[in-house]
>>> print(open('work.txt').read())   # compact mmCIF, C-alpha atoms and all ligand atoms
# COMPACT_ATOMS: atom_id res chain seq x y z
CA MET R 1 16.62 -31.85 6.48
CA ALA R 2 14.81 -28.67 7.62
CA PRO R 3 12.53 -29.31 10.63
CA ARG R 4 8.94 -30.00 9.60
CA LEU R 5 6.26 -27.66 10.89
CA ASP R 6 2.61 -28.41 11.46
CA LEU R 7 -0.15 -26.17 10.09
CA GLU R 8 0.11 -23.99 13.21
CA GLY R 9 3.84 -23.48 12.56
CA ARG R 10 4.99 -25.72 15.44
CA CYS R 11 7.94 -28.14 15.13
CA ILE R 12 6.83 -31.75 14.55
CA GLN R 13 8.46 -34.39 16.74
CA PRO R 14 9.50 -37.64 15.00
CA LEU R 15 6.82 -40.33 15.36
CA LYS R 16 6.93 -44.14 15.23
CA ILE R 17 4.20 -45.14 12.79
CA CYS R 18 2.83 -48.66 12.44
CA ILE R 19 1.55 -49.05 8.86
CA ILE R 20 -0.56 -52.16 8.31
CA GLY R 21 -0.81 -52.91 4.58
CA ALA R 22 2.44 -50.98 3.99
CA GLY R 23 3.36 -53.26 1.07
CA GLY R 24 0.41 -52.25 -1.11
CA PHE R 25 -0.09 -49.41 -3.60
CA ILE R 26 -0.91 -46.61 -1.14
CA GLY R 27 1.38 -48.07 1.55
CA SER R 28 4.40 -48.02 -0.75
CA HIS R 29 3.92 -44.34 -1.62
CA LEU R 30 3.28 -43.43 2.00
CA CYS R 31 6.46 -45.22 3.11
CA GLU R 32 8.48 -43.40 0.44
CA ALA R 33 7.12 -40.00 1.50
CA LEU R 34 7.71 -40.67 5.20
CA LEU R 35 11.27 -41.90 4.69
CA TRP R 36 12.34 -39.37 2.07
CA ASN R 37 10.61 -36.22 3.34
CA THR R 38 10.27 -36.64 7.13
CA GLU R 39 12.14 -38.01 10.13
CA HIS R 40 9.35 -40.36 11.23
CA SER R 41 10.06 -44.07 11.51
CA ILE R 42 7.95 -46.96 10.24
CA LEU R 43 6.97 -50.40 11.45
CA ALA R 44 5.78 -51.78 8.12
CA VAL R 45 3.36 -54.73 8.29
CA ASP R 46 2.16 -56.74 5.28
CA ILE R 47 2.03 -60.22 3.78
CA PHE R 48 4.03 -58.94 0.78
CA CYS R 49 6.92 -56.51 0.40
CA ASP R 50 7.70 -56.43 -3.34
CA LYS R 51 6.42 -52.85 -3.71
CA ILE R 52 8.61 -51.56 -0.87
CA GLN R 53 11.67 -53.75 -1.54
CA HIS R 54 13.56 -50.65 -2.77
CA LEU R 55 13.10 -49.11 0.70
CA LEU R 56 14.25 -52.16 2.66
CA SER R 57 17.83 -52.64 1.45
CA PRO R 58 20.42 -51.88 4.14
CA GLY R 59 22.87 -48.99 3.87
CA GLU R 60 20.43 -46.30 2.77
CA GLU R 61 20.24 -43.10 4.82
CA TRP R 62 16.69 -44.08 5.90
CA SER R 63 17.41 -47.78 6.60
CA ASN R 64 17.31 -47.40 10.40
CA ARG R 65 13.85 -45.82 10.15
CA ILE R 66 11.97 -48.74 8.59
CA ASP R 67 11.45 -52.32 9.81
CA PHE R 68 9.38 -54.79 7.83
CA PHE R 69 7.24 -57.46 9.53
CA MET R 70 5.78 -60.18 7.32
CA ILE R 71 2.59 -60.58 9.31
CA ASN R 72 -0.95 -61.60 8.44
CA ILE R 73 -3.06 -59.55 10.86
CA LYS R 74 -5.76 -62.26 10.74
CA HIS R 75 -3.81 -64.45 13.12
CA ASP R 76 -0.57 -62.98 14.38
CA PRO R 77 -0.21 -61.95 18.03
CA GLN R 78 2.74 -59.70 17.10
CA THR R 79 0.26 -57.12 15.75
CA GLU R 80 -0.69 -55.90 19.23
CA ASN R 81 2.97 -55.68 20.32
CA LEU R 82 3.77 -53.48 17.30
CA ILE R 83 0.77 -51.25 18.02
CA LYS R 84 1.87 -50.93 21.66
CA ILE R 85 5.26 -49.51 20.68
CA SER R 86 3.88 -47.08 18.05
CA ASP R 87 2.66 -43.49 18.35
CA VAL R 88 0.21 -43.77 15.44
CA VAL R 89 -1.36 -46.73 13.63
CA ILE R 90 -2.41 -46.56 9.98
CA ASN R 91 -4.56 -49.42 8.72
CA LEU R 92 -4.57 -49.90 4.95
CA ALA R 93 -4.99 -53.69 4.87
CA ALA R 94 -7.94 -54.79 2.75
CA ILE R 95 -9.25 -56.71 -0.19
CA CYS R 96 -10.16 -53.77 -2.41
CA THR R 97 -10.52 -54.88 -6.04
CA PRO R 98 -14.17 -54.75 -7.28
CA ALA R 99 -13.83 -58.07 -9.14
CA ASP R 100 -13.55 -59.73 -5.71
CA TYR R 101 -16.57 -58.08 -4.07
CA ASN R 102 -19.22 -60.21 -5.80
CA THR R 103 -17.09 -63.33 -6.41
CA ARG R 104 -15.36 -63.55 -2.98
CA PRO R 105 -17.88 -61.74 -0.76
CA LEU R 106 -16.92 -63.66 2.40
CA ASP R 107 -13.20 -62.89 2.01
CA THR R 108 -14.16 -59.28 1.24
CA ILE R 109 -16.32 -58.90 4.35
CA TYR R 110 -13.79 -60.66 6.60
CA SER R 111 -10.91 -58.60 5.29
CA ASN R 112 -12.67 -55.24 5.50
CA PHE R 113 -14.54 -55.77 8.77
CA ILE R 114 -13.67 -58.81 10.90
CA ASP R 115 -9.88 -58.68 10.37
CA ALA R 116 -9.77 -54.97 11.14
CA LEU R 117 -11.63 -55.30 14.45
CA PRO R 118 -8.61 -56.34 16.58
CA VAL R 119 -6.62 -53.38 15.21
CA VAL R 120 -9.33 -50.97 16.41
CA ARG R 121 -9.54 -52.75 19.78
CA TYR R 122 -5.74 -52.67 20.31
CA CYS R 123 -5.71 -48.94 19.51
CA THR R 124 -8.50 -48.23 22.00
CA ASP R 125 -6.99 -50.46 24.71
CA ASN R 126 -3.51 -49.00 24.32
CA ASN R 127 -4.62 -45.41 23.79
CA LYS R 128 -3.08 -45.16 20.31
CA ARG R 129 -4.21 -42.85 17.56
CA LEU R 130 -5.72 -44.72 14.57
CA ILE R 131 -5.83 -43.50 10.97
CA HIS R 132 -8.15 -45.93 9.26
CA PHE R 133 -8.49 -46.24 5.48
CA SER R 134 -12.09 -46.59 4.42
CA THR R 135 -13.41 -45.78 0.94
CA CYS R 136 -15.61 -43.40 -1.06
CA GLU R 137 -17.64 -46.50 -1.81
CA VAL R 138 -19.34 -46.18 1.59
CA TYR R 139 -21.54 -43.59 -0.15
CA GLY R 140 -22.70 -46.31 -2.59
CA LYS R 141 -25.04 -44.92 -5.23
CA THR R 142 -25.88 -41.23 -5.53
CA ILE R 143 -29.28 -39.66 -4.86
CA GLY R 144 -29.06 -38.26 -8.40
CA CYS R 145 -29.03 -41.71 -10.03
CA PHE R 146 -32.62 -42.29 -8.96
CA LEU R 147 -33.85 -39.27 -10.94
CA PRO R 148 -35.26 -39.78 -14.46
CA ASN R 149 -32.60 -39.27 -17.16
CA ASP R 150 -34.25 -36.09 -18.43
CA SER R 151 -34.96 -34.62 -14.99
CA PRO R 152 -33.99 -30.93 -14.69
CA LEU R 153 -32.94 -31.82 -11.13
CA ARG R 154 -29.98 -33.83 -12.50
CA LYS R 155 -27.46 -31.21 -11.43
CA ASP R 156 -24.07 -31.75 -9.86
CA ASN R 157 -25.28 -30.99 -6.33
CA PHE R 158 -27.22 -34.29 -6.35
CA TYR R 159 -23.93 -36.13 -6.89
CA VAL R 160 -21.52 -34.30 -4.58
CA LEU R 161 -20.72 -36.50 -1.60
CA LYS R 162 -20.41 -34.81 1.81
CA GLU R 163 -18.81 -36.57 4.77
CA ASP R 164 -21.37 -35.41 7.35
CA GLU R 165 -24.52 -35.14 5.22
CA SER R 166 -24.72 -37.64 2.36
CA PRO R 167 -26.55 -40.90 3.01
CA CYS R 168 -24.95 -44.28 2.21
CA ILE R 169 -27.09 -46.01 -0.45
CA PHE R 170 -26.44 -49.66 -1.30
CA GLY R 171 -28.20 -52.12 -3.59
CA SER R 172 -30.11 -55.21 -2.48
CA ILE R 173 -28.28 -58.02 -0.67
CA ASP R 174 -28.07 -60.24 -3.79
CA LYS R 175 -26.03 -57.45 -5.42
CA GLN R 176 -22.91 -58.63 -3.66
CA ARG R 177 -20.85 -55.81 -5.12
CA TRP R 178 -21.89 -53.84 -2.02
CA SER R 179 -20.25 -56.34 0.40
CA TYR R 180 -17.12 -54.16 0.37
CA GLY R 181 -18.77 -50.76 0.87
CA CYS R 182 -21.08 -52.19 3.51
CA ALA R 183 -18.21 -53.85 5.47
CA LYS R 184 -16.20 -50.62 5.28
CA GLN R 185 -19.20 -48.61 6.42
CA LEU R 186 -19.81 -50.80 9.47
CA LEU R 187 -16.13 -50.52 10.39
CA GLU R 188 -16.39 -46.72 10.10
CA ARG R 189 -19.39 -46.78 12.44
CA LEU R 190 -17.46 -48.94 14.90
CA VAL R 191 -14.40 -46.65 14.84
CA TYR R 192 -16.67 -43.63 15.28
CA ALA R 193 -18.44 -45.30 18.20
CA GLU R 194 -15.09 -46.19 19.82
CA GLY R 195 -14.26 -42.49 19.56
CA ALA R 196 -17.58 -41.42 21.05
CA GLU R 197 -17.80 -44.00 23.86
CA ASN R 198 -14.19 -44.97 24.62
CA ASP R 199 -12.26 -41.86 23.55
CA LEU R 200 -10.37 -43.52 20.67
CA LYS R 201 -8.48 -40.84 18.77
CA PHE R 202 -9.21 -41.60 15.11
CA THR R 203 -9.24 -40.23 11.59
CA ILE R 204 -11.08 -41.99 8.77
CA VAL R 205 -9.83 -41.46 5.21
CA ARG R 206 -12.15 -42.02 2.22
CA PRO R 207 -9.97 -42.22 -0.91
CA PHE R 208 -11.64 -41.33 -4.21
CA ASN R 209 -9.91 -43.37 -6.97
CA TRP R 210 -6.26 -42.63 -6.21
CA ILE R 211 -4.13 -43.56 -9.20
CA GLY R 212 -0.41 -43.91 -9.85
CA PRO R 213 2.56 -46.22 -10.31
CA ARG R 214 2.51 -49.57 -8.49
CA MET R 215 -1.30 -49.73 -8.44
CA ASP R 216 -2.44 -53.37 -8.50
CA PHE R 217 -0.76 -55.80 -10.93
CA ILE R 218 -0.68 -56.86 -14.54
CA PRO R 219 -2.39 -60.27 -14.81
CA GLY R 220 0.03 -62.99 -15.92
CA VAL R 221 3.08 -60.76 -15.25
CA ASP R 222 3.09 -59.92 -11.53
CA GLY R 223 -0.35 -61.25 -10.61
CA PRO R 224 -2.54 -64.27 -11.36
CA SER R 225 -3.43 -64.45 -15.07
CA HIS R 226 -7.19 -64.75 -14.49
CA ALA R 227 -7.49 -62.07 -11.79
CA VAL R 228 -9.09 -58.72 -12.66
CA PRO R 229 -7.39 -55.61 -11.20
CA ARG R 230 -8.87 -52.09 -11.02
CA VAL R 231 -9.51 -50.08 -14.17
CA LEU R 232 -6.05 -48.47 -14.45
CA ALA R 233 -4.29 -51.85 -14.65
CA CYS R 234 -7.01 -53.37 -16.89
CA PHE R 235 -6.68 -50.54 -19.40
CA SER R 236 -2.85 -50.44 -19.16
CA MET R 237 -2.66 -54.14 -19.93
CA ALA R 238 -5.00 -53.84 -22.92
CA LEU R 239 -2.96 -50.92 -24.28
CA MET R 240 0.31 -52.85 -23.93
CA LYS R 241 -1.25 -55.93 -25.57
CA GLU R 242 -2.69 -53.73 -28.34
CA GLU R 243 -6.19 -55.00 -27.58
CA PRO R 244 -9.37 -52.89 -27.31
CA LEU R 245 -10.17 -51.53 -23.84
CA LYS R 246 -13.28 -53.14 -22.38
CA LEU R 247 -15.98 -50.66 -21.33
CA VAL R 248 -18.21 -52.21 -18.69
CA ASP R 249 -21.86 -51.35 -19.50
CA GLY R 250 -20.61 -48.85 -22.07
CA GLY R 251 -18.23 -47.03 -19.70
CA LYS R 252 -20.88 -44.57 -18.57
CA ALA R 253 -19.94 -44.64 -14.87
CA GLN R 254 -18.08 -41.53 -13.76
CA ARG R 255 -15.14 -41.26 -11.41
CA THR R 256 -12.88 -38.50 -10.13
CA PHE R 257 -9.21 -39.52 -10.29
CA CYS R 258 -6.61 -38.24 -7.84
CA TYR R 259 -2.86 -38.58 -8.33
CA ILE R 260 -1.33 -40.69 -5.58
CA LYS R 261 1.36 -38.11 -4.74
CA ASP R 262 -1.26 -35.39 -4.17
CA ALA R 263 -3.22 -37.80 -1.98
CA ILE R 264 -0.16 -38.77 0.06
CA ASP R 265 0.37 -35.09 0.85
CA ALA R 266 -3.10 -35.09 2.42
CA VAL R 267 -2.21 -38.20 4.46
CA LEU R 268 0.99 -36.53 5.74
CA ARG R 269 -1.09 -33.54 6.85
CA ILE R 270 -3.42 -35.90 8.71
CA ILE R 271 -0.50 -37.65 10.41
CA GLU R 272 1.22 -34.42 11.41
CA ASN R 273 -1.83 -32.37 12.47
CA PRO R 274 -3.73 -34.53 14.96
CA ASP R 275 -5.52 -31.53 16.48
CA ARG R 276 -7.08 -30.79 13.10
CA ALA R 277 -7.66 -34.38 12.00
CA ASN R 278 -8.75 -36.34 15.08
CA MET R 279 -12.40 -37.46 15.36
CA ARG R 280 -12.94 -36.59 11.69
CA ILE R 281 -13.76 -38.32 8.41
CA PHE R 282 -12.15 -36.90 5.25
CA ASN R 283 -12.95 -37.27 1.57
CA VAL R 284 -9.59 -37.27 -0.22
CA GLY R 285 -10.01 -36.89 -3.97
CA ASN R 286 -9.83 -34.52 -6.91
CA PRO R 287 -13.20 -33.21 -8.14
CA MET R 288 -11.47 -31.38 -11.02
CA ASN R 289 -10.47 -34.72 -12.59
CA GLU R 290 -13.90 -36.14 -13.33
CA ALA R 291 -14.29 -38.40 -16.36
CA SER R 292 -16.58 -41.18 -17.49
CA VAL R 293 -14.83 -44.52 -17.86
CA LYS R 294 -15.27 -44.12 -21.65
CA GLU R 295 -13.50 -40.73 -21.51
CA LEU R 296 -10.77 -42.26 -19.34
CA ALA R 297 -10.24 -44.94 -22.01
CA GLU R 298 -9.92 -42.27 -24.70
CA VAL R 299 -7.39 -40.17 -22.76
CA MET R 300 -5.37 -43.24 -21.74
CA THR R 301 -5.21 -44.41 -25.36
CA ASP R 302 -3.96 -41.02 -26.58
CA VAL R 303 -1.42 -40.69 -23.77
CA TYR R 304 -0.15 -44.26 -24.21
CA CYS R 305 0.28 -43.83 -27.98
CA LYS R 306 2.38 -40.72 -27.32
CA ILE R 307 4.52 -42.48 -24.69
CA SER R 308 5.06 -45.73 -26.60
CA GLY R 309 5.34 -44.20 -30.08
CA LYS R 310 2.61 -46.56 -31.33
CA SER R 311 -0.08 -45.33 -33.69
CA LYS R 312 -3.68 -45.25 -32.56
CA PRO R 313 -5.53 -48.48 -33.44
CA ASN R 314 -8.79 -48.37 -35.45
CA LEU R 315 -10.75 -50.11 -32.71
CA THR R 316 -9.84 -48.62 -29.32
CA THR R 317 -12.74 -49.84 -27.12
CA ILE R 318 -15.43 -52.52 -27.01
CA ASP R 319 -18.52 -52.64 -24.80
CA ILE R 320 -19.07 -55.54 -22.44
CA SER R 321 -21.89 -56.20 -19.97
CA SER R 322 -21.06 -56.07 -16.27
CA LYS R 323 -22.45 -59.60 -15.93
CA GLU R 324 -19.99 -60.93 -18.51
CA PHE R 325 -17.06 -58.93 -17.09
CA TYR R 326 -17.58 -59.29 -13.33
CA GLY R 327 -20.23 -62.03 -13.06
CA GLU R 328 -23.50 -62.19 -11.14
CA GLY R 329 -24.14 -59.64 -8.37
CA TYR R 330 -22.15 -56.70 -9.76
CA GLU R 331 -23.69 -53.27 -9.62
CA ASP R 332 -21.82 -50.01 -10.23
CA SER R 333 -21.37 -46.76 -8.34
CA ASP R 334 -22.72 -44.27 -10.87
CA ARG R 335 -20.77 -41.14 -9.94
CA ARG R 336 -18.49 -39.97 -7.15
CA ILE R 337 -17.64 -36.31 -6.63
CA PRO R 338 -15.93 -35.53 -3.31
CA ASP R 339 -17.08 -32.48 -1.42
CA MET R 340 -13.83 -30.70 -0.52
CA LYS R 341 -14.96 -28.26 2.16
CA LEU R 342 -13.82 -30.23 5.16
CA VAL R 343 -10.45 -31.34 3.83
CA THR R 344 -9.68 -27.83 2.57
CA ARG R 345 -10.71 -26.13 5.81
CA GLN R 346 -9.08 -28.58 8.24
CA LEU R 347 -5.95 -29.58 6.34
CA GLU R 348 -5.52 -26.68 3.90
CA TRP R 349 -5.08 -29.34 1.22
CA GLN R 350 -5.86 -29.14 -2.49
CA PRO R 351 -4.82 -31.63 -5.17
CA THR R 352 -2.90 -30.10 -8.08
CA THR R 353 -2.23 -32.80 -10.70
CA SER R 354 -4.53 -32.87 -13.76
CA LEU R 355 -5.95 -36.09 -15.17
CA HIS R 356 -3.78 -35.78 -18.26
CA ASP R 357 -0.58 -35.30 -16.24
CA LEU R 358 -1.28 -38.10 -13.78
CA LEU R 359 -1.97 -40.48 -16.66
CA GLU R 360 1.21 -39.39 -18.39
CA PHE R 361 3.33 -40.09 -15.26
CA THR R 362 1.54 -43.36 -14.55
CA LEU R 363 1.51 -44.77 -18.07
CA ALA R 364 5.19 -43.91 -18.53
CA TYR R 365 5.82 -46.08 -15.44
CA GLN R 366 3.55 -48.89 -16.70
CA HIS R 367 5.28 -48.87 -20.11
CA LYS R 368 8.79 -48.90 -18.63
CA THR R 369 7.96 -51.57 -16.05
CA TYR R 370 5.74 -53.96 -17.97
CA SER R 371 5.72 -53.57 -21.76
CA GLN R 372 8.60 -56.01 -22.39
CA ALA R 373 7.08 -58.67 -20.08
CA VAL R 374 3.65 -58.23 -21.66
CA ARG R 375 5.19 -58.66 -25.16
CA GLU R 376 6.86 -61.88 -23.98
CA CYS R 377 3.54 -63.16 -22.53
CA VAL R 378 1.74 -62.43 -25.80
CA SER R 379 4.37 -64.18 -27.94
CA LYS R 380 4.37 -67.21 -25.58
CA THR R 381 0.57 -67.48 -25.96
CA PHE R 382 0.87 -67.43 -29.76
CA SER R 383 3.68 -70.01 -29.85
CA THR R 384 1.79 -72.58 -27.67
P1 LIG F 401 -3.56 -52.64 -1.98
O1 LIG F 401 -4.29 -53.92 -2.23
O2 LIG F 401 -2.50 -52.26 -2.93
O3 LIG F 401 -2.95 -52.64 -0.50
C1 LIG F 401 -3.50 -53.36 0.58
C2 LIG F 401 -2.36 -54.08 1.26
O4 LIG F 401 -2.88 -54.73 2.43
C3 LIG F 401 -1.76 -55.20 0.39
O5 LIG F 401 -0.36 -55.03 0.28
C4 LIG F 401 -2.10 -56.49 1.13
O6 LIG F 401 -1.10 -57.49 1.03
C5 LIG F 401 -2.23 -55.97 2.58
N1 LIG F 401 -3.07 -56.86 3.38
C6 LIG F 401 -4.33 -57.30 3.09
N2 LIG F 401 -4.76 -58.13 4.05
C7 LIG F 401 -3.77 -58.22 4.97
C8 LIG F 401 -3.62 -58.95 6.18
N3 LIG F 401 -4.60 -59.76 6.61
N4 LIG F 401 -2.48 -58.82 6.88
C9 LIG F 401 -1.48 -58.00 6.42
N5 LIG F 401 -1.56 -57.30 5.27
C10 LIG F 401 -2.68 -57.41 4.55
O7 LIG F 401 -4.68 -51.50 -1.89
P2 LIG F 401 -4.51 -49.91 -1.85
O8 LIG F 401 -5.04 -49.36 -3.12
O9 LIG F 401 -3.14 -49.54 -1.42
O10 LIG F 401 -5.58 -49.52 -0.73
C11 LIG F 401 -5.25 -49.36 0.62
C12 LIG F 401 -6.50 -49.01 1.42
O11 LIG F 401 -7.16 -47.87 0.87
C13 LIG F 401 -7.55 -50.12 1.46
O12 LIG F 401 -8.12 -50.17 2.74
C14 LIG F 401 -8.58 -49.69 0.45
O13 LIG F 401 -9.86 -50.19 0.75
C15 LIG F 401 -8.51 -48.18 0.58
N6 LIG F 401 -8.92 -47.52 -0.67
C16 LIG F 401 -8.06 -47.31 -1.69
C17 LIG F 401 -8.49 -46.66 -2.86
C18 LIG F 401 -7.55 -46.33 -3.98
O14 LIG F 401 -7.89 -45.43 -4.74
N7 LIG F 401 -6.41 -46.95 -4.12
C19 LIG F 401 -9.82 -46.28 -2.99
C20 LIG F 401 -10.70 -46.53 -1.93
C21 LIG F 401 -10.22 -47.15 -0.77
N1 LIG F 402 -14.13 -50.79 -15.66
C1 LIG F 402 -14.23 -50.93 -17.06
N2 LIG F 402 -13.33 -51.74 -17.68
C2 LIG F 402 -12.36 -52.44 -17.03
C3 LIG F 402 -12.28 -52.29 -15.61
C4 LIG F 402 -13.18 -51.45 -14.97
O1 LIG F 402 -15.10 -50.33 -17.71
O2 LIG F 402 -11.57 -53.14 -17.70
C5 LIG F 402 -15.06 -49.85 -14.97
C6 LIG F 402 -15.82 -50.39 -13.76
O3 LIG F 402 -17.01 -51.06 -14.15
C7 LIG F 402 -16.11 -49.11 -12.99
C8 LIG F 402 -14.87 -48.22 -13.26
O4 LIG F 402 -14.26 -48.79 -14.44
O5 LIG F 402 -17.24 -48.47 -13.56
C9 LIG F 402 -13.85 -48.16 -12.13
O6 LIG F 402 -13.51 -49.45 -11.74
P1 LIG F 402 -12.35 -49.80 -10.69
O7 LIG F 402 -12.14 -51.26 -10.76
O8 LIG F 402 -11.14 -48.97 -10.92
O9 LIG F 402 -12.92 -49.46 -9.25
P2 LIG F 402 -14.12 -48.62 -8.62
O10 LIG F 402 -13.91 -47.18 -8.97
O11 LIG F 402 -15.40 -49.16 -9.18
O12 LIG F 402 -13.97 -48.88 -7.16
>>> encode(input="work.txt", output="structure tokens", more="lines below")
Ligand code: NAD
Ligand code: UDP
Amino acid sequence: MAPRLDLEGRCIQPLKICIIGAGGFIGSHLCEALLWNTEHSILAVDIFCDKIQHLLSPGEEWSNRIDFFMINIKHDPQTENLIKISDVVINLAAICTPADYNTRPLDTIYSNFIDALPVVRYCTDNNKRLIHFSTCEVYGKTIGCFLPNDSPLRKDNFYVLKEDESPCIFGSIDKQRWSYGCAKQLLERLVYAEGAENDLKFTIVRPFNWIGPRMDFIPGVDGPSHAVPRVLACFSMALMKEEPLKLVDGGKAQRTFCYIKDAIDAVLRIIENPDRANMRIFNVGNPMNEASVKELAEVMTDVYCKISGKSKPNLTTIDISSKEFYGEGYEDSDRRIPDMKLVTRQLEWQPTTSLHDLLEFTLAYQHKTYSQAVRECVSKTFST
């Protein structure tokens, strides 16, 4: 493998990286990229390892560069020992599915704030660099959403979210949807304060709807049948079951979708360029891939029909209220456009994969991985 160079053209020395939450969606792609494209080694921490099982079998050329530790960071003293022997710590561990925010607010707040506190403390105490995964949801609602619908001021610049300028706007406390964004925000403030007062070297990453293979689960196949994953898995499951896609409150919310492999390239740049990334917060997303949830449903339906060879059904979507879909206390983020100035200037990073292409790659994976199992689930339901 050719030696890797940082953005200044200097050779990068191999690092030992402790990844907490390595067994999740982002963790699995990050582990792949680190093992396949770099010489860094990984201490992988998670409660689950199904999504990285393919990286853990012995005898591969990377096998001596990854060790898996089945640890719950809530109550395992091993966490500090692993941090002590690492050069960099990446914390991805979280409850991060919106259906949980208003129905399991305590678990959400504990997972995204309380459970992460020791990790920050161990990094400060042991002088380790921390790359902490936060979320674009810390911005909450946009300033633009408070303008009247016909206001001439409703222009994109009221919706673009800037790391060092935009305020964080959450709903009232009974709208428990914001338990996640609020817990993440307080953790960001704590990490930032550790940097300012105790010299913690940190980078905070705010992902904007990263999408790709291995995201979440298909209920009843590799996850609980009544659980509700994020929109990609919800829509994939409906397409495979040949059911209409449910549009929460008409699907008017807008998101920008970023392909996971583009996003992982940004994370590698953060890991390998500490001088450019330390003491900074980065939006990582793709503003070119903006779509309303309704538009997302339309594109996913067209792409899935092409991949599966099925014809387009007459009824592709149905509307559902957020109260019926998520329950009491749900409120939506209206629109999220990442400002890209900082990430472009500091990391020289730009995402390249279009919405259509990322959906084609991802739905091909969903179809190959799940369609048979979903068919079996459906026929079992009909026969009982
Ligand atoms: P994920 O749920 O797939 O991964 C999280 C992983 O953390 C899981 O494997 C889970 O088992 C593990 N984990 C949770 N609690 C743990 C604990 N106590 N001990 C050990 N492991 C634990 O989620 P993801 O999409 O990969 O997201 C990773 C991070 O990025 C999260 O912090 C999330 O808030 C943030 N994020 C992701 C997105 C996105 O687009 N995917 C968007 C915004 C923020
Ligand atoms: N959504 C939807 N139908 C579904 C699942 C989600 O309309 O079956 C909507 C949800 O209300 C939100 C958007 O899709 O407006 C994105 O939801 P996701 O769960 O992916 O996470 P978020 O971007 O809100 O963090």
>>> residues_near_ligand(input="work.txt", ligand="ligand LIG 402 (chain F)", cutoff="6 Å", atoms="only C-alpha atoms and all ligand atoms", output="number ranges by chain")
R: 98, 209, 230-231, 234-235, 246-248, 251, 253, 293, 332
>>> closest_residue(input="work.txt", among="R:Ser333, R:Ser311, R:Ser371, R:Thr142", to="Trp178 of chain R", atoms="only C-alpha atoms")
R:Ser333
>>> closest_atom_pairs(input="work.txt", of="chain R", to="ligand LIG 401 (chain F)", cutoff="6 Å", atoms="all atoms listed in the file", output="JSON lines")
{"residue": "R:Gly21", "atom": "CA", "partner": "F:LIG401", "partner_atom": "O4", "distance": 3.5}
{"residue": "R:Gly23", "atom": "CA", "partner": "F:LIG401", "partner_atom": "O5", "distance": 4.2}
{"residue": "R:Gly24", "atom": "CA", "partner": "F:LIG401", "partner_atom": "O5", "distance": 3.2}
{"residue": "R:Phe25", "atom": "CA", "partner": "F:LIG401", "partner_atom": "O9", "distance": 3.8}
{"residue": "R:Ile26", "atom": "CA", "partner": "F:LIG401", "partner_atom": "O9", "distance": 3.7}
{"residue": "R:Gly27", "atom": "CA", "partner": "F:LIG401", "partner_atom": "O9", "distance": 5.6}
{"residue": "R:Asp46", "atom": "CA", "partner": "F:LIG401", "partner_atom": "N5", "distance": 3.8}
{"residue": "R:Ile47", "atom": "CA", "partner": "F:LIG401", "partner_atom": "N5", "distance": 4.9}
{"residue": "R:Phe48", "atom": "CA", "partner": "F:LIG401", "partner_atom": "O6", "distance": 5.3}
{"residue": "R:Ile71", "atom": "CA", "partner": "F:LIG401", "partner_atom": "C9", "distance": 5.6}
{"residue": "R:Asn72", "atom": "CA", "partner": "F:LIG401", "partner_atom": "N4", "distance": 3.5}
{"residue": "R:Ile73", "atom": "CA", "partner": "F:LIG401", "partner_atom": "N4", "distance": 4.1}
{"residue": "R:Lys74", "atom": "CA", "partner": "F:LIG401", "partner_atom": "N3", "distance": 5.0}
{"residue": "R:Leu92", "atom": "CA", "partner": "F:LIG401", "partner_atom": "C12", "distance": 4.1}
{"residue": "R:Ala93", "atom": "CA", "partner": "F:LIG401", "partner_atom": "O4", "distance": 3.4}
{"residue": "R:Ala94", "atom": "CA", "partner": "F:LIG401", "partner_atom": "C6", "distance": 4.4}
{"residue": "R:Ile95", "atom": "CA", "partner": "F:LIG401", "partner_atom": "C6", "distance": 5.9}
{"residue": "R:Cys96", "atom": "CA", "partner": "F:LIG401", "partner_atom": "O13", "distance": 4.8}
{"residue": "R:Phe133", "atom": "CA", "partner": "F:LIG401", "partner_atom": "O12", "distance": 4.8}
{"residue": "R:Ser134", "atom": "CA", "partner": "F:LIG401", "partner_atom": "C15", "distance": 5.5}
{"residue": "R:Thr135", "atom": "CA", "partner": "F:LIG401", "partner_atom": "C21", "distance": 3.9}
{"residue": "R:Cys136", "atom": "CA", "partner": "F:LIG401", "partner_atom": "C20", "distance": 5.9}
{"residue": "R:Pro207", "atom": "CA", "partner": "F:LIG401", "partner_atom": "C20", "distance": 4.5}
{"residue": "R:Phe208", "atom": "CA", "partner": "F:LIG401", "partner_atom": "C19", "distance": 5.4}
{"residue": "R:Asn209", "atom": "CA", "partner": "F:LIG401", "partner_atom": "O14", "distance": 3.6}
{"residue": "R:Trp210", "atom": "CA", "partner": "F:LIG401", "partner_atom": "O14", "distance": 3.6}
{"residue": "R:Asp216", "atom": "CA", "partner": "F:LIG401", "partner_atom": "O2", "distance": 5.7}
>>> closest_residue(input="work.txt", among="R:Leu268, R:Ala183, R:Val374, R:Ile83", to="Leu106 of chain R", atoms="only C-alpha atoms")
R:Ala183
>>> closest_residue(input="work.txt", among="R:Cys182, R:Leu347, R:Cys123, R:Leu30", to="Ile169 of chain R", atoms="only C-alpha atoms")
R:Cys182
>>> closest_residue(input="work.txt", among="R:Ala2, R:Ile211, R:Leu359, R:Cys11", to="Asn273 of chain R", atoms="all atoms listed in the file")
R:Cys11
>>> atom_distance(input="work.txt", atom1="atom CA of Asp302 of chain R", atom2="atom CA of Glu243 of chain R")
14.2 Å
>>> atom_distance(input="work.txt", atom1="atom CA of Ile173 of chain R", atom2="atom CA of Ile109 of chain R")
13.0 Å
